[in-house]
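Structure file model-v5.txt (compact mmCIF, N, CA and C atoms) is printed below.
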```txt
# COMPACT_ATOMS: atom_id res chain seq x y z
N MET A 18 -67.39 -16.07 -3.07
CA MET A 18 -68.11 -16.02 -1.81
C MET A 18 -67.15 -15.90 -0.65
N ASN A 19 -65.96 -16.46 -0.79
CA ASN A 19 -65.01 -16.36 0.30
C ASN A 19 -64.66 -14.91 0.61
N ASP A 20 -64.53 -14.08 -0.46
CA ASP A 20 -64.24 -12.67 -0.26
C ASP A 20 -65.32 -11.98 0.56
N TYR A 21 -66.58 -12.32 0.26
CA TYR A 21 -67.68 -11.71 1.00
C TYR A 21 -67.69 -12.17 2.45
N ALA A 22 -67.36 -13.43 2.67
CA ALA A 22 -67.32 -13.95 4.03
C ALA A 22 -66.25 -13.24 4.85
N LEU A 23 -65.19 -12.80 4.19
CA LEU A 23 -64.10 -12.10 4.88
C LEU A 23 -64.28 -10.59 4.88
N GLY A 24 -65.38 -10.11 4.31
CA GLY A 24 -65.62 -8.67 4.25
C GLY A 24 -64.82 -7.98 3.17
N GLU A 25 -64.37 -8.75 2.17
CA GLU A 25 -63.55 -8.19 1.11
C GLU A 25 -64.21 -8.25 -0.25
N GLY A 26 -65.53 -8.36 -0.30
CA GLY A 26 -66.25 -8.42 -1.56
C GLY A 26 -66.26 -7.07 -2.27
N ASN A 27 -66.62 -7.07 -3.55
CA ASN A 27 -66.60 -5.84 -4.34
C ASN A 27 -67.45 -4.73 -3.74
N ARG A 28 -68.65 -5.05 -3.30
CA ARG A 28 -69.51 -4.01 -2.71
C ARG A 28 -68.99 -3.57 -1.36
N GLN A 29 -68.41 -4.49 -0.61
CA GLN A 29 -67.91 -4.16 0.72
C GLN A 29 -66.68 -3.26 0.66
N THR A 30 -65.93 -3.34 -0.43
CA THR A 30 -64.73 -2.52 -0.58
C THR A 30 -64.94 -1.37 -1.55
N ASN A 31 -66.20 -1.10 -1.88
CA ASN A 31 -66.59 0.00 -2.78
C ASN A 31 -66.00 -0.11 -4.18
N LYS A 32 -65.70 -1.32 -4.64
CA LYS A 32 -65.23 -1.52 -6.01
C LYS A 32 -66.40 -1.65 -6.98
N GLN A 33 -67.59 -1.87 -6.47
CA GLN A 33 -68.78 -2.02 -7.30
C GLN A 33 -69.88 -1.19 -6.67
N GLY A 34 -70.59 -0.44 -7.49
CA GLY A 34 -71.69 0.36 -6.99
C GLY A 34 -72.93 -0.47 -6.75
N PRO A 35 -73.98 0.17 -6.30
CA PRO A 35 -75.22 -0.56 -6.05
C PRO A 35 -75.82 -1.07 -7.37
N PRO A 36 -76.57 -2.19 -7.32
CA PRO A 36 -77.13 -2.74 -8.55
C PRO A 36 -78.24 -1.86 -9.14
N VAL A 37 -78.87 -1.05 -8.32
CA VAL A 37 -79.94 -0.16 -8.79
C VAL A 37 -79.47 1.27 -8.57
N THR A 38 -79.36 2.01 -9.65
CA THR A 38 -78.85 3.37 -9.54
C THR A 38 -79.96 4.42 -9.61
N GLU A 39 -81.18 4.00 -9.93
CA GLU A 39 -82.29 4.95 -10.01
C GLU A 39 -82.68 5.43 -8.62
N ARG A 40 -83.03 6.70 -8.52
CA ARG A 40 -83.39 7.25 -7.22
C ARG A 40 -84.79 6.82 -6.79
N HIS A 41 -85.75 6.83 -7.71
CA HIS A 41 -87.12 6.43 -7.40
C HIS A 41 -87.45 5.20 -8.25
N VAL A 42 -87.40 4.06 -7.62
CA VAL A 42 -87.58 2.79 -8.33
C VAL A 42 -89.01 2.31 -8.16
N ARG A 43 -89.62 1.91 -9.25
CA ARG A 43 -90.96 1.35 -9.21
C ARG A 43 -90.87 -0.12 -8.81
N THR A 44 -91.60 -0.49 -7.80
CA THR A 44 -91.62 -1.87 -7.33
C THR A 44 -93.02 -2.44 -7.53
N THR A 45 -93.08 -3.65 -8.07
CA THR A 45 -94.35 -4.31 -8.29
C THR A 45 -94.25 -5.76 -7.83
N VAL A 46 -95.26 -6.24 -7.16
CA VAL A 46 -95.36 -7.65 -6.81
C VAL A 46 -96.60 -8.18 -7.53
N TYR A 47 -96.45 -9.30 -8.22
CA TYR A 47 -97.61 -9.83 -8.93
C TYR A 47 -97.57 -11.35 -8.97
N TRP A 48 -98.71 -11.91 -9.26
CA TRP A 48 -98.89 -13.36 -9.33
C TRP A 48 -99.43 -13.70 -10.70
N THR A 49 -99.04 -14.87 -11.21
CA THR A 49 -99.53 -15.31 -12.51
C THR A 49 -100.68 -16.30 -12.31
N ASP A 50 -101.30 -16.69 -13.41
CA ASP A 50 -102.38 -17.68 -13.36
C ASP A 50 -101.88 -19.06 -12.94
N ARG A 51 -100.57 -19.27 -13.02
CA ARG A 51 -99.98 -20.55 -12.63
C ARG A 51 -99.49 -20.54 -11.18
N ASN A 52 -99.95 -19.58 -10.39
CA ASN A 52 -99.56 -19.44 -8.98
C ASN A 52 -98.07 -19.17 -8.80
N GLU A 53 -97.46 -18.46 -9.73
CA GLU A 53 -96.07 -18.04 -9.60
C GLU A 53 -96.06 -16.61 -9.07
N SER A 54 -95.14 -16.31 -8.19
CA SER A 54 -95.03 -14.97 -7.61
C SER A 54 -93.77 -14.30 -8.13
N TYR A 55 -93.88 -13.04 -8.49
CA TYR A 55 -92.74 -12.28 -9.00
C TYR A 55 -92.66 -10.93 -8.31
N ILE A 56 -91.43 -10.46 -8.16
CA ILE A 56 -91.18 -9.10 -7.69
C ILE A 56 -90.47 -8.39 -8.84
N SER A 57 -90.96 -7.25 -9.21
CA SER A 57 -90.34 -6.44 -10.24
C SER A 57 -89.74 -5.21 -9.57
N LEU A 58 -88.44 -4.99 -9.77
CA LEU A 58 -87.74 -3.87 -9.15
C LEU A 58 -86.83 -3.21 -10.17
N GLY A 59 -87.14 -1.99 -10.50
CA GLY A 59 -86.30 -1.27 -11.45
C GLY A 59 -86.20 -1.90 -12.81
N GLY A 60 -87.26 -2.57 -13.26
CA GLY A 60 -87.27 -3.19 -14.58
C GLY A 60 -86.77 -4.62 -14.60
N ASP A 61 -86.22 -5.10 -13.50
CA ASP A 61 -85.78 -6.49 -13.41
C ASP A 61 -86.80 -7.29 -12.63
N GLN A 62 -86.94 -8.57 -12.98
CA GLN A 62 -87.93 -9.42 -12.31
C GLN A 62 -87.23 -10.54 -11.56
N LEU A 63 -87.83 -10.92 -10.44
CA LEU A 63 -87.32 -12.01 -9.62
C LEU A 63 -88.46 -12.95 -9.31
N SER A 64 -88.26 -14.22 -9.60
CA SER A 64 -89.24 -15.25 -9.25
C SER A 64 -89.05 -15.58 -7.78
N VAL A 65 -90.07 -15.39 -6.98
CA VAL A 65 -89.98 -15.65 -5.55
C VAL A 65 -89.70 -17.13 -5.30
N GLU A 66 -90.35 -18.00 -6.04
CA GLU A 66 -90.16 -19.43 -5.85
C GLU A 66 -88.74 -19.86 -6.19
N ARG A 67 -88.21 -19.35 -7.31
CA ARG A 67 -86.85 -19.72 -7.70
C ARG A 67 -85.83 -19.19 -6.70
N ALA A 68 -86.06 -17.97 -6.21
CA ALA A 68 -85.14 -17.41 -5.22
C ALA A 68 -85.19 -18.21 -3.92
N ALA A 69 -86.37 -18.64 -3.51
CA ALA A 69 -86.51 -19.44 -2.29
C ALA A 69 -85.83 -20.79 -2.48
N ASP A 70 -86.02 -21.42 -3.63
CA ASP A 70 -85.36 -22.71 -3.90
C ASP A 70 -83.84 -22.56 -3.88
N ALA A 71 -83.33 -21.48 -4.48
CA ALA A 71 -81.88 -21.25 -4.50
C ALA A 71 -81.36 -21.04 -3.08
N ALA A 72 -82.11 -20.31 -2.25
CA ALA A 72 -81.70 -20.08 -0.87
C ALA A 72 -81.66 -21.39 -0.08
N ILE A 73 -82.62 -22.25 -0.31
CA ILE A 73 -82.65 -23.55 0.37
C ILE A 73 -81.47 -24.40 -0.07
N GLN A 74 -81.16 -24.41 -1.36
CA GLN A 74 -80.02 -25.17 -1.87
C GLN A 74 -78.71 -24.63 -1.31
N LEU A 75 -78.59 -23.31 -1.23
CA LEU A 75 -77.39 -22.71 -0.66
C LEU A 75 -77.23 -23.08 0.81
N ALA A 76 -78.32 -23.02 1.56
CA ALA A 76 -78.27 -23.39 2.99
C ALA A 76 -77.87 -24.85 3.15
N ALA A 77 -78.36 -25.72 2.29
CA ALA A 77 -78.00 -27.14 2.36
C ALA A 77 -76.51 -27.32 2.06
N ALA A 78 -75.99 -26.59 1.08
CA ALA A 78 -74.56 -26.68 0.75
C ALA A 78 -73.71 -26.18 1.91
N VAL A 79 -74.13 -25.09 2.54
CA VAL A 79 -73.40 -24.56 3.70
C VAL A 79 -73.39 -25.57 4.82
N GLU A 80 -74.51 -26.22 5.07
CA GLU A 80 -74.58 -27.23 6.14
C GLU A 80 -73.68 -28.42 5.83
N ARG A 81 -73.62 -28.84 4.55
CA ARG A 81 -72.74 -29.95 4.18
C ARG A 81 -71.28 -29.58 4.42
N VAL A 82 -70.89 -28.37 4.03
CA VAL A 82 -69.51 -27.92 4.23
C VAL A 82 -69.22 -27.80 5.72
N ARG A 83 -70.16 -27.26 6.49
CA ARG A 83 -69.97 -27.12 7.93
C ARG A 83 -69.81 -28.50 8.58
N ALA A 84 -70.62 -29.45 8.18
CA ALA A 84 -70.54 -30.81 8.75
C ALA A 84 -69.21 -31.47 8.38
N LYS A 85 -68.78 -31.27 7.12
CA LYS A 85 -67.51 -31.84 6.69
C LYS A 85 -66.36 -31.20 7.45
N GLY A 86 -66.42 -29.90 7.68
CA GLY A 86 -65.38 -29.21 8.43
C GLY A 86 -65.30 -29.67 9.88
N SER A 87 -66.46 -29.90 10.48
CA SER A 87 -66.44 -30.34 11.88
C SER A 87 -65.92 -31.77 12.01
N ARG A 88 -66.18 -32.62 11.00
CA ARG A 88 -65.65 -33.98 11.02
C ARG A 88 -64.13 -33.98 10.86
N LEU A 89 -63.62 -33.05 10.03
CA LEU A 89 -62.18 -32.98 9.81
C LEU A 89 -61.43 -32.46 11.03
N SER A 90 -62.10 -31.62 11.82
CA SER A 90 -61.43 -31.04 13.00
C SER A 90 -61.47 -31.97 14.20
N GLU A 91 -62.18 -33.07 14.11
CA GLU A 91 -62.27 -34.02 15.24
C GLU A 91 -61.08 -34.93 15.32
```

Could the structure of this file be written out as structure tokens, please?
Amino acid sequence: MNDYALGEGNRQTNKQGPPVTERHVRTTVYWTDRNESYISLGGDQLSVERAADAAIQLAAAVERVRAKGSRLSE
């Protein structure tokens, strides 16, 4: 993640191509009987709830690191 923060990640330096190489990708959004939401893109599926939970956890970790950094600089 540090490389991406500095603009030196694989995609930013063209060392890795895009994750989806198909020109016309079929996208589907669907819900299950258990109230789960999914996005299907190019044959891969993403759970909306799991992605949202991961984003919240990442934001919390960033805030902890930011708070620790500000305490150290005081």

(request) Could you check how far atom N of His41 (chain A) sits from atom C of Asp61 (chain A), in Å to one decimal? (result)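 Atom N of His41 (chain A) sits 15.0 Å away from atom C of Asp61 (chain A).
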
(request) Identify which of the residues A:Glu25, A:Thr44, A:Arg83, A:Thr30 lies closest to Gly59 (chain A), counting all atoms listed in the file when measuring atom-to-atom distances. (result) A:Thr44

(request) Extract the full set of strand (DSSP E) residues from chain A according to DSSP on the backbone, and format it as a VMD selection string. (result) chain A and resid 44 to 48 54 to 58 61 to 64

(message) Ranking A:Leu58, A:Leu89, A:Ile73, A:Val79 by minimum distance to Arg43 (chain A) and counting only N, CA and C atoms, which one comes first?
(response)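 So, comparing all the options, the nearest one is A:Leu58.
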
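Taking atom C of Gln29 (chain A) as the reference point, CA of Leu75 (chain A) is found at 22.2 Å.
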
(message) So the first atom is CA of Ser64 (chain A) and the second is CA of Asp50 (chain A); what is the distance between them in Å, to one decimal place?
(response) 14.0 Å

(message) Based on the backbone DSSP call, show me all residues of chain A assigned alpha helix (DSSP H), as a list of chain:residue names.
(response)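 Written out, the alpha helix (DSSP H) residues of chain A are A:Asn19, A:Asp20, A:Tyr21, A:Ala22, A:Val65, A:Glu66, A:Arg67, A:Ala68, A:Ala69, A:Asp70, A:Ala71, A:Ala72, A:Ile73, A:Gln74, A:Leu75, A:Ala76, A:Ala77, A:Ala78, A:Val79, A:Glu80, A:Arg81, A:Val82, A:Arg83, A:Ala84, A:Lys85, A:Gly86, A:Ser87, A:Arg88, A:Leu89.
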
Output N, CA and C atoms for every residue in the selection just made, as a JSON list (two decimals), in the frame of the given file.
```json
[["chain", "number", "residue", "atom", "x", "y", "z"],
["A", 19, "ASN", "N", -65.96, -16.46, -0.79],
["A", 19, "ASN", "CA", -65.01, -16.36, 0.30],
["A", 19, "ASN", "C", -64.66, -14.91, 0.61],
["A", 20, "ASP", "N", -64.53, -14.08, -0.46],
["A", 20, "ASP", "CA", -64.24, -12.67, -0.26],
["A", 20, "ASP", "C", -65.32, -11.98, 0.56],
["A", 21, "TYR", "N", -66.58, -12.32, 0.26],
["A", 21, "TYR", "CA", -67.68, -11.71, 1.00],
["A", 21, "TYR", "C", -67.69, -12.17, 2.45],
["A", 22, "ALA", "N", -67.36, -13.43, 2.67],
["A", 22, "ALA", "CA", -67.32, -13.95, 4.03],
["A", 22, "ALA", "C", -66.25, -13.24, 4.85],
["A", 65, "VAL", "N", -90.07, -15.39, -6.98],
["A", 65, "VAL", "CA", -89.98, -15.65, -5.55],
["A", 65, "VAL", "C", -89.70, -17.13, -5.30],
["A", 66, "GLU", "N", -90.35, -18.00, -6.04],
["A", 66, "GLU", "CA", -90.16, -19.43, -5.85],
["A", 66, "GLU", "C", -88.74, -19.86, -6.19],
["A", 67, "ARG", "N", -88.21, -19.35, -7.31],
["A", 67, "ARG", "CA", -86.85, -19.72, -7.70],
["A", 67, "ARG", "C", -85.83, -19.19, -6.70],
["A", 68, "ALA", "N", -86.06, -17.97, -6.21],
["A", 68, "ALA", "CA", -85.14, -17.41, -5.22],
["A", 68, "ALA", "C", -85.19, -18.21, -3.92],
["A", 69, "ALA", "N", -86.37, -18.64, -3.51],
["A", 69, "ALA", "CA", -86.51, -19.44, -2.29],
["A", 69, "ALA", "C", -85.83, -20.79, -2.48],
["A", 70, "ASP", "N", -86.02, -21.42, -3.63],
["A", 70, "ASP", "CA", -85.36, -22.71, -3.90],
["A", 70, "ASP", "C", -83.84, -22.56, -3.88],
["A", 71, "ALA", "N", -83.33, -21.48, -4.48],
["A", 71, "ALA", "CA", -81.88, -21.25, -4.50],
["A", 71, "ALA", "C", -81.36, -21.04, -3.08],
["A", 72, "ALA", "N", -82.11, -20.31, -2.25],
["A", 72, "ALA", "CA", -81.70, -20.08, -0.87],
["A", 72, "ALA", "C", -81.66, -21.39, -0.08],
["A", 73, "ILE", "N", -82.62, -22.25, -0.31],
["A", 73, "ILE", "CA", -82.65, -23.55, 0.37],
["A", 73, "ILE", "C", -81.47, -24.40, -0.07],
["A", 74, "GLN", "N", -81.16, -24.41, -1.36],
["A", 74, "GLN", "CA", -80.02, -25.17, -1.87],
["A", 74, "GLN", "C", -78.71, -24.63, -1.31],
["A", 75, "LEU", "N", -78.59, -23.31, -1.23],
["A", 75, "LEU", "CA", -77.39, -22.71, -0.66],
["A", 75, "LEU", "C", -77.23, -23.08, 0.81],
["A", 76, "ALA", "N", -78.32, -23.02, 1.56],
["A", 76, "ALA", "CA", -78.27, -23.39, 2.99],
["A", 76, "ALA", "C", -77.87, -24.85, 3.15],
["A", 77, "ALA", "N", -78.36, -25.72, 2.29],
["A", 77, "ALA", "CA", -78.00, -27.14, 2.36],
["A", 77, "ALA", "C", -76.51, -27.32, 2.06],
["A", 78, "ALA", "N", -75.99, -26.59, 1.08],
["A", 78, "ALA", "CA", -74.56, -26.68, 0.75],
["A", 78, "ALA", "C", -73.71, -26.18, 1.91],
["A", 79, "VAL", "N", -74.13, -25.09, 2.54],
["A", 79, "VAL", "CA", -73.40, -24.56, 3.70],
["A", 79, "VAL", "C", -73.39, -25.57, 4.82],
["A", 80, "GLU", "N", -74.51, -26.22, 5.07],
["A", 80, "GLU", "CA", -74.58, -27.23, 6.14],
["A", 80, "GLU", "C", -73.68, -28.42, 5.83],
["A", 81, "ARG", "N", -73.62, -28.84, 4.55],
["A", 81, "ARG", "CA", -72.74, -29.95, 4.18],
["A", 81, "ARG", "C", -71.28, -29.58, 4.42],
["A", 82, "VAL", "N", -70.89, -28.37, 4.03],
["A", 82, "VAL", "CA", -69.51, -27.92, 4.23],
["A", 82, "VAL", "C", -69.22, -27.80, 5.72],
["A", 83, "ARG", "N", -70.16, -27.26, 6.49],
["A", 83, "ARG", "CA", -69.97, -27.12, 7.93],
["A", 83, "ARG", "C", -69.81, -28.50, 8.58],
["A", 84, "ALA", "N", -70.62, -29.45, 8.18],
["A", 84, "ALA", "CA", -70.54, -30.81, 8.75],
["A", 84, "ALA", "C", -69.21, -31.47, 8.38],
["A", 85, "LYS", "N", -68.78, -31.27, 7.12],
["A", 85, "LYS", "CA", -67.51, -31.84, 6.69],
["A", 85, "LYS", "C", -66.36, -31.20, 7.45],
["A", 86, "GLY", "N", -66.42, -29.90, 7.68],
["A", 86, "GLY", "CA", -65.38, -29.21, 8.43],
["A", 86, "GLY", "C", -65.30, -29.67, 9.88],
["A", 87, "SER", "N", -66.46, -29.90, 10.48],
["A", 87, "SER", "CA", -66.44, -30.34, 11.88],
["A", 87, "SER", "C", -65.92, -31.77, 12.01],
["A", 88, "ARG", "N", -66.18, -32.62, 11.00],
["A", 88, "ARG", "CA", -65.65, -33.98, 11.02],
["A", 88, "ARG", "C", -64.13, -33.98, 10.86],
["A", 89, "LEU", "N", -63.62, -33.05, 10.03],
["A", 89, "LEU", "CA", -62.18, -32.98, 9.81],
["A", 89, "LEU", "C", -61.43, -32.46, 11.03]]
```

(request) Could you check which of A:Ala77, A:Val82, A:Leu63, A:Ala69 is closest to Trp48 (chain A), using only C-alpha atoms? (result)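 Nearest to Trp48 (chain A): A:Leu63.
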